[in-house]
Amino acid sequence: MSAGPSVGIAIPKLGVGLPYFSSLPPELYRSGLVDFVEMTPETICRQRPKGDTVALEIVTAQLDRARHTCAALPLVVHGVELSIGSAHGWNDAYLQMLDSFQAKWPFVWHSEHLGYQTIQPDGGATLEVGVPLPLPPTREAVDLVAGRVLEIQDRYRVPFLLENPAYYLPDPPADPEVGDDIGLMRTITQSSGCFQLLDLHNIYCNAINHEVDPLSAIDRMPLNAVAEIHVAGGSWNDGFWMDAHDGRVPEAVWELLEYALPRCPLAGGVVFEMLDSHAERLGIDAIEQELLRVRKTWDRCARG
Amino acid sequence: MALRDFQNAIGTMVRASDGRDRLKDRKVTPTESSYLSSLPENAAFRFTVKVQRSWCAGRAAKAAFLTLSMLPDETRRQLLNDWTSLGGGTQSFVAAESAAFLEFISRHLENPSHEFTVCMLEMAALRANEGARHFARPNPINLDSQQCLLQRGNYAGLVRFHAQPQQLLDALMKKEPLPPMSSNATALLFGPGLDRLYRTASRKEVIVYEKLTAPTPATLLVGEGFNRESLQDLLEGGIVEYAR
């Protein structure tokens with residue numbers, strides 16, 4: 001295992017980022033409001049059978065369109081399909097697709113969510129759970145994910161980031177030396193040398209739903225390993241604050257950004273996240289306003 | 001408890017939604033046992049299940065968009081609920097389960113009806129599109145062989161419309177009242193080798209297609225009055241194929 005977080009890899013200061021959605025006007029990506037684009041490559045893929053398994057195939061026309069839209073903006077990748085924490089095995093099809101994607105469109109760094117979304121009960125077929133679930137903070141989970149991170153770093157040779165997840169399940173049984181979800185993130189980044197994608201809206205969700213102090217949670221994160229920050233909106237549902245990415249960033253999350261950004265010396269960019277399905281309803285004016293506010297905070301708080 | 005068993009327990013409980021731990025025979029510590037058995041009554045667990053159901057229903061709704069859009073709200077909700085209860089909607093790539101969901105829906109629709117037609121249309125278009133990716137036009141020379149057997153194309157379909165197809169689809173797209181059911185059906189053939197993946201079927205073509213539920217000698221079809229050119233046309237469109 002590596003000696004510590006982020007050894008010997010430089011994170012460039014990119015600035016303000018926006019996810020790529022084909023539904024948004026291409027001009028938005030060339031307006032000067034966006035310094036870099038964050039792409040989830042699975043969104044331009046289709047699944048096809050490959051023997052007993054499946055393959056993710058990049059749809060060339062959609063890739064071309066994305067490249068044309070984003071023109072010369074630096075690219076980072078934010079994956080959702082790897083299931084890096086699944087004990088039965090991760091998603092090989094995702095990695096094979098990412099190999100091909102990197103060859104076609106190189107990215108500055110890439111990230112995944114710290115969690116799992118597939119299981120394999122009784123050694124049978126792999127099943128998708130349907131939602132990502134949090135890993136228990138145990139030594140076994142640390143070793144599993146840290147080992148896979150090392151493989152990924154070796155395979156892609158660009159910085160790899162793990163995102164702290166939002167979760168609703170009650171805290172699972174933990175190994176004392178790992179402690180909780182934050183201890184899990186700390187231990188994995190320390191033992192694998194990977195970076196963190198600090199999702200402040202996920203911190204905010206967990207703070208509300210699990211009744212913890214968000215600033216203390218941020219303080220306990222491995223801030224020296226944070227390479228990227230996410231801000232997003234959410235909404236109430238059944239008494240829970242949902243990580244729905246369905247609206248503007250709450251004022252409390254902006255305050256968390258003001259607090260966290262100066263404490264993350266390596267942070268290379270801040271992304272305003274939303275779901276494609278909500279982008280149209282949100283409207284271009286609102287998206288531009290959120291991007292401007294990210295920039296204002298970035299210019300004031302990020303260390304160059 | 002091993003991580004794999006823990007994930008299987010939680011994942012299965014979330015998928016099953018009733019919160020029942022189906023892995024009770026695993027080695028668990030008292031803490032783990034207490035955690036798992038407390039979940040069904042836990043509001044946060046139930047909310048996780050609710051989110052899972054909502055995501056799954058959202059994915060499934062995309063997988064059968066046209067057909068579901070024709071159904072009354074209550075029927076649509078019930079079908080989505082039944083499908084997600086069976087474990088549907090979990091796959092991120094909706095196309096992977098579109099065919100299975102459409103087939104599930106078709107079993108709950110009146111036949112004939114416009115709804116059933118549109119369901120068959122979505123299935124046939126999906127299938128033909130899937131086949132088109134690797135369709136190779138077969139050599140028609142084998143049609144002349146005495147041993148030639150023909151069957152329905154693996155990626156082909158036949159859909160009966162009980163109104164003019166364009167009229168029905170226009171009404172659907174514009175959210176206008178659907179045309180009345182007509183006793184004269186118009187049939188469309190779908191095949192991976194067709195220019196737009198479909199075309200109108202002649203009466204004779206419908207008869208051939210319906211006949212080919214099992215491998216049938218081409219000579220028999222010719223003997224019954226189907227001409228070779230028509231068979232070649234069906235073959236090149238992927239509507240029929242050589243049986244091996």
# chains A, B, ... in the order shown; residues from 1 in each chain; ligands from 1

call {"tool": "interface_residues", "arguments": {"of": "chain B", "to": "chain A", "cutoff": "10 Å", "atoms": "only C-alpha atoms", "output": "short mmCIF file (atom, residue, chain, number, x, y, z; two decimals) with N, CA and C atoms, in the first residue's frame"}}
result
data_model
loop_
_atom_site.label_atom_id
_atom_site.label_comp_id
_atom_site.auth_asym_id
_atom_site.auth_seq_id
_atom_site.Cartn_x
_atom_site.Cartn_y
_atom_site.Cartn_z
N ALA B 2 -18.68 -11.61 6.99
CA ALA B 2 -17.86 -11.16 5.87
C ALA B 2 -18.57 -10.02 5.13
N LEU B 3 -17.76 -9.14 4.54
CA LEU B 3 -18.32 -7.98 3.82
C LEU B 3 -19.31 -8.44 2.75
N ARG B 4 -18.94 -9.50 2.05
CA ARG B 4 -19.79 -9.99 0.97
C ARG B 4 -21.17 -10.41 1.51
N ASP B 5 -21.18 -11.10 2.63
CA ASP B 5 -22.45 -11.53 3.23
C ASP B 5 -23.25 -10.33 3.71
N PHE B 6 -22.53 -9.36 4.28
CA PHE B 6 -23.22 -8.16 4.77
C PHE B 6 -23.89 -7.43 3.61
N GLN B 7 -23.14 -7.27 2.52
CA GLN B 7 -23.71 -6.57 1.35
C GLN B 7 -24.88 -7.36 0.76
N ASN B 8 -24.73 -8.68 0.70
CA ASN B 8 -25.83 -9.49 0.17
C ASN B 8 -27.08 -9.34 1.03
N ALA B 9 -26.87 -9.31 2.36
CA ALA B 9 -28.01 -9.19 3.27
C ALA B 9 -28.72 -7.85 3.07
N ILE B 10 -27.95 -6.77 3.12
CA ILE B 10 -28.56 -5.44 2.98
C ILE B 10 -29.16 -5.26 1.58
N GLY B 11 -28.38 -5.64 0.56
CA GLY B 11 -28.84 -5.46 -0.82
C GLY B 11 -30.11 -6.24 -1.09
N THR B 12 -30.17 -7.47 -0.58
CA THR B 12 -31.36 -8.30 -0.80
C THR B 12 -32.56 -7.71 -0.06
N MET B 13 -32.32 -7.19 1.12
CA MET B 13 -33.42 -6.60 1.89
C MET B 13 -33.96 -5.35 1.20
N VAL B 14 -33.07 -4.54 0.65
CA VAL B 14 -33.53 -3.33 -0.04
C VAL B 14 -34.30 -3.71 -1.30
N ARG B 15 -33.78 -4.68 -2.04
CA ARG B 15 -34.47 -5.11 -3.27
C ARG B 15 -35.83 -5.72 -2.96
N ALA B 16 -35.87 -6.52 -1.88
CA ALA B 16 -37.11 -7.23 -1.57
C ALA B 16 -38.14 -6.32 -0.92
N ARG B 22 -32.86 -12.49 4.44
CA ARG B 22 -32.93 -13.84 3.90
C ARG B 22 -31.63 -14.61 4.09
N LEU B 23 -30.71 -14.09 4.85
CA LEU B 23 -29.41 -14.74 5.00
C LEU B 23 -29.13 -15.03 6.47
N THR B 29 -22.34 -11.65 14.14
CA THR B 29 -22.11 -11.30 15.54
C THR B 29 -23.45 -10.79 16.11
N THR B 31 -24.02 -7.97 17.35
CA THR B 31 -24.23 -6.59 16.89
C THR B 31 -24.80 -6.58 15.47
N GLU B 32 -24.22 -7.41 14.62
CA GLU B 32 -24.71 -7.47 13.23
C GLU B 32 -26.14 -7.99 13.19
N SER B 33 -26.40 -9.01 13.98
CA SER B 33 -27.74 -9.59 14.01
C SER B 33 -28.75 -8.55 14.47
N SER B 34 -28.39 -7.81 15.49
CA SER B 34 -29.29 -6.80 16.02
C SER B 34 -29.53 -5.70 14.97
N TYR B 35 -28.45 -5.32 14.26
CA TYR B 35 -28.56 -4.28 13.23
C TYR B 35 -29.52 -4.73 12.12
N LEU B 36 -29.29 -5.96 11.62
CA LEU B 36 -30.10 -6.44 10.50
C LEU B 36 -31.56 -6.62 10.90
N SER B 38 -33.14 -5.03 13.12
CA SER B 38 -33.82 -3.76 13.44
C SER B 38 -34.23 -2.99 12.19
N LEU B 39 -33.67 -3.35 11.06
CA LEU B 39 -33.88 -2.54 9.85
C LEU B 39 -35.35 -2.42 9.40
N ASN B 42 -37.02 0.39 10.86
CA ASN B 42 -36.26 1.63 10.89
C ASN B 42 -36.70 2.57 9.76
N ALA B 43 -37.03 3.81 10.13
CA ALA B 43 -37.54 4.77 9.13
C ALA B 43 -36.50 5.05 8.05
N ALA B 44 -35.23 5.08 8.43
CA ALA B 44 -34.17 5.38 7.45
C ALA B 44 -34.04 4.23 6.45
N PHE B 45 -34.19 3.00 6.93
CA PHE B 45 -34.17 1.87 6.00
C PHE B 45 -35.37 1.93 5.06
N ARG B 46 -36.54 2.22 5.63
CA ARG B 46 -37.74 2.27 4.78
C ARG B 46 -37.62 3.40 3.75
N PHE B 47 -36.98 4.48 4.15
CA PHE B 47 -36.78 5.57 3.19
C PHE B 47 -35.82 5.14 2.08
N THR B 48 -34.78 4.39 2.46
CA THR B 48 -33.85 3.88 1.44
C THR B 48 -34.60 3.01 0.43
N VAL B 49 -35.50 2.18 0.93
CA VAL B 49 -36.31 1.33 0.04
C VAL B 49 -37.20 2.21 -0.85
N LYS B 50 -37.74 3.25 -0.27
CA LYS B 50 -38.60 4.15 -1.05
C LYS B 50 -37.80 4.79 -2.20
N VAL B 51 -36.59 5.24 -1.87
CA VAL B 51 -35.75 5.85 -2.90
C VAL B 51 -35.43 4.82 -3.98
N GLN B 52 -35.10 3.60 -3.55
CA GLN B 52 -34.79 2.55 -4.52
C GLN B 52 -35.98 2.32 -5.45
N ARG B 53 -37.19 2.23 -4.86
CA ARG B 53 -38.38 1.99 -5.67
C ARG B 53 -38.62 3.14 -6.65
N SER B 54 -38.39 4.33 -6.17
CA SER B 54 -38.62 5.50 -7.02
C SER B 54 -37.64 5.51 -8.20
N TRP B 55 -36.37 5.20 -7.92
CA TRP B 55 -35.37 5.16 -9.00
C TRP B 55 -35.72 4.05 -9.99
N CYS B 56 -36.11 2.89 -9.46
CA CYS B 56 -36.42 1.76 -10.34
C CYS B 56 -37.64 2.07 -11.21
N ARG B 59 -36.64 4.38 -13.98
CA ARG B 59 -35.93 3.70 -15.08
C ARG B 59 -36.91 2.88 -15.92
N THR B 84 -41.50 -3.30 -10.35
CA THR B 84 -40.39 -3.06 -9.42
C THR B 84 -40.45 -4.05 -8.25
N GLY B 87 -38.46 -6.96 -8.89
CA GLY B 87 -37.02 -6.72 -9.04
C GLY B 87 -36.69 -5.97 -10.31
N GLY B 88 -37.69 -5.47 -11.01
CA GLY B 88 -37.44 -4.72 -12.25
C GLY B 88 -36.99 -3.30 -11.98
N GLY B 89 -36.38 -2.70 -12.99
CA GLY B 89 -35.98 -1.29 -12.90
C GLY B 89 -34.65 -1.06 -12.22
N THR B 90 -33.97 -2.13 -11.83
CA THR B 90 -32.70 -1.92 -11.12
C THR B 90 -31.55 -1.61 -12.06
N GLN B 91 -31.69 -1.98 -13.33
CA GLN B 91 -30.56 -1.83 -14.24
C GLN B 91 -30.44 -0.40 -14.74
N SER B 92 -29.22 0.12 -14.69
CA SER B 92 -29.00 1.50 -15.10
C SER B 92 -29.29 1.70 -16.58
N PHE B 93 -29.01 0.69 -17.39
CA PHE B 93 -29.22 0.81 -18.83
C PHE B 93 -30.60 0.26 -19.15
N VAL B 94 -31.55 1.18 -19.36
CA VAL B 94 -32.95 0.77 -19.47
C VAL B 94 -33.21 -0.19 -20.62
N ALA B 95 -32.44 -0.03 -21.69
CA ALA B 95 -32.69 -0.89 -22.86
C ALA B 95 -32.52 -2.35 -22.49
N ALA B 96 -31.67 -2.61 -21.48
CA ALA B 96 -31.39 -3.99 -21.11
C ALA B 96 -32.64 -4.71 -20.63
N GLU B 130 -32.02 -3.64 -32.39
CA GLU B 130 -30.95 -4.44 -31.79
C GLU B 130 -30.29 -5.32 -32.88
#

call {"tool": "residues_around", "arguments": {"residues": "Asn184 in chain B", "least_positions_apart": "2", "cutoff": "7 Å", "atoms": "only C-alpha atoms", "output": "ChimeraX atom specification"}}
result
/B:162,182,186

call {"tool": "select_by_dssp", "arguments": {"residues": "range 89-131 of chain B", "states": "alpha helix (DSSP H)", "output": "PyMOL selection string"}}
result
chain B and resi 95-106+114-131

call {"tool": "residues_around", "arguments": {"residues": "Lys104 in chain A", "least_positions_apart": "5", "cutoff": "10 Å", "atoms": "only C-alpha atoms", "output": "PyMOL selection string"}}
result
chain A and resi 63+98-99

call {"tool": "residues_around", "arguments": {"residues": "Lys175 in chain B", "least_positions_apart": "5", "cutoff": "10 Å", "atoms": "only C-alpha atoms", "output": "ChimeraX atom specification"}}
result
/B:69-70,169-170

call {"tool": "atom_distance", "arguments": {"atom1": "CA of Pro26 in chain A", "atom2": "CA of Cys70 in chain A"}}
result
7.4 Å
